[in-house]
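Peer 1: Just dropping this structure here.
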Amino acid sequence: MHDEIATRDEETTAVTTSEGDAVHDASARAAGDGSAPDRDAVLEALKNVYDPELGINIVDLGLVYDVQTDEQGGVDIQYSLTTMGCPIGPLIEDQMRGFLKGVPSVEEVRPEFVLRPPWSPEMMSDEAKAALGIF
């Protein structure tokens, strides 16, 4: 049996056995390798961004309207807020960028606040509605 030690550099992730053989992790991608970030992984990471007043993540709240990824590692996110005058937009965008740094192949995050369609409680997931007592 081999003892494995994980090593990481800027280009790749590898596991080195006790004999010194490097085995590259297929899930690790080099930055800028031409692979578009996985949309599902982006949405999963965005579930870590919470509306500070409601305590529910922005995906389940229905605030994320669209996510597009490209081969250069770009992620375009159209999102809204629960009210037009809500002041947390910059905070939400900073958190989006922070949590998406850990998603493979993400090079640039471009959030875009949109007003159309206006957000409504019907856009929430069933879990979010249950958490807020909306049936």
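Chain identifiers are assigned as A, B, and so on, following the order in which chains appear in the structure tokens; residues are numbered from 1 within each chain, and ligands are numbered from 1 in order of appearance.
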Give me the residues near A:Gly89 as a list in words, where near means some atom within 10 Å (using only C-alpha atoms) and where sequence neighbours in that chain fewer than 6 positions away do not count.

Peer 2: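 Counting only C-alpha atoms, the residues come to Asp51, Tyr79, Ser80, Leu81, Gln95, Pro111, Glu112 and Phe113 of chain A.
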
Peer 1: Kindly export the residues of the current selection with N, CA and C atoms, as a JSON list (two decimals), in the first residue's frame.

Peer 2:
```json
[["chain", "number", "residue", "atom", "x", "y", "z"],
["A", 51, "ASP", "N", -28.68, 35.90, 1.95],
["A", 51, "ASP", "CA", -29.30, 37.19, 2.20],
["A", 51, "ASP", "C", -29.19, 37.42, 3.71],
["A", 79, "TYR", "N", -28.67, 38.44, -11.50],
["A", 79, "TYR", "CA", -29.33, 38.26, -10.21],
["A", 79, "TYR", "C", -30.16, 39.48, -9.89],
["A", 80, "SER", "N", -31.06, 39.32, -8.95],
["A", 80, "SER", "CA", -31.86, 40.43, -8.48],
["A", 80, "SER", "C", -31.81, 40.43, -6.95],
["A", 81, "LEU", "N", -32.50, 41.36, -6.36],
["A", 81, "LEU", "CA", -32.61, 41.44, -4.91],
["A", 81, "LEU", "C", -34.09, 41.46, -4.54],
["A", 95, "GLN", "N", -19.38, 38.44, -2.16],
["A", 95, "GLN", "CA", -19.48, 37.06, -1.72],
["A", 95, "GLN", "C", -19.53, 36.10, -2.90],
["A", 111, "PRO", "N", -20.95, 39.49, -12.08],
["A", 111, "PRO", "CA", -22.35, 39.60, -11.65],
["A", 111, "PRO", "C", -23.02, 40.81, -12.29],
["A", 112, "GLU", "N", -24.30, 40.66, -12.60],
["A", 112, "GLU", "CA", -25.07, 41.76, -13.17],
["A", 112, "GLU", "C", -26.42, 41.83, -12.45],
["A", 113, "PHE", "N", -26.65, 42.95, -11.78],
["A", 113, "PHE", "CA", -27.91, 43.17, -11.09],
["A", 113, "PHE", "C", -28.96, 43.55, -12.13]]
```

Peer 1: Using only C-alpha atoms, which protein or nucleic acid residues come within 8 Å of A:Ser35? Drop anything in the same chain fewer than 6 positions from it, and give the result as a list of chain:residue names.

Peer 2: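 Counting only C-alpha atoms, the residues come to A:Asp70, A:Glu71, A:Gln72, A:Gly73, A:Ser105.
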
Peer 1: Would you write out those residues with C-alpha atoms, as a compact mmCIF listing (two decimals), in the first residue's frame?

Peer 2:
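Okay, this is what ended up in again16.txt:
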```txt
# COMPACT_ATOMS: atom_id res chain seq x y z
CA ASP A 70 -17.53 30.40 -21.17
CA GLU A 71 -14.39 28.59 -22.32
CA GLN A 72 -12.15 31.37 -20.96
CA GLY A 73 -13.33 30.69 -17.41
CA SER A 105 -11.79 26.72 -14.14
```

Peer 1: Mind checking which residues fall within 12 Å of stretch 114-124 of chain A, counting only C-alpha atoms, ignoring those fewer than 4 positions away in the same chain, and posting them as a PyMOL selection string?

Peer 2: chain A and resi 56-66+77-86+89+128-135

Peer 1: So the first atom is atom CA of A:Glu108 and the second is atom CA of A:Gly74; what is the distance between them in Å, to one decimal place?

Peer 2: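 Going from atom CA of A:Glu108 over to atom CA of A:Gly74 covers 4.7 Å.
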
Peer 1: Give me, please, the distance in Å between atom CA of A:Val106 and atom CA of A:Tyr50, quoted to one decimal.

Peer 2: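 About the pair atom CA of A:Val106 and atom CA of A:Tyr50: they are 20.6 Å apart.
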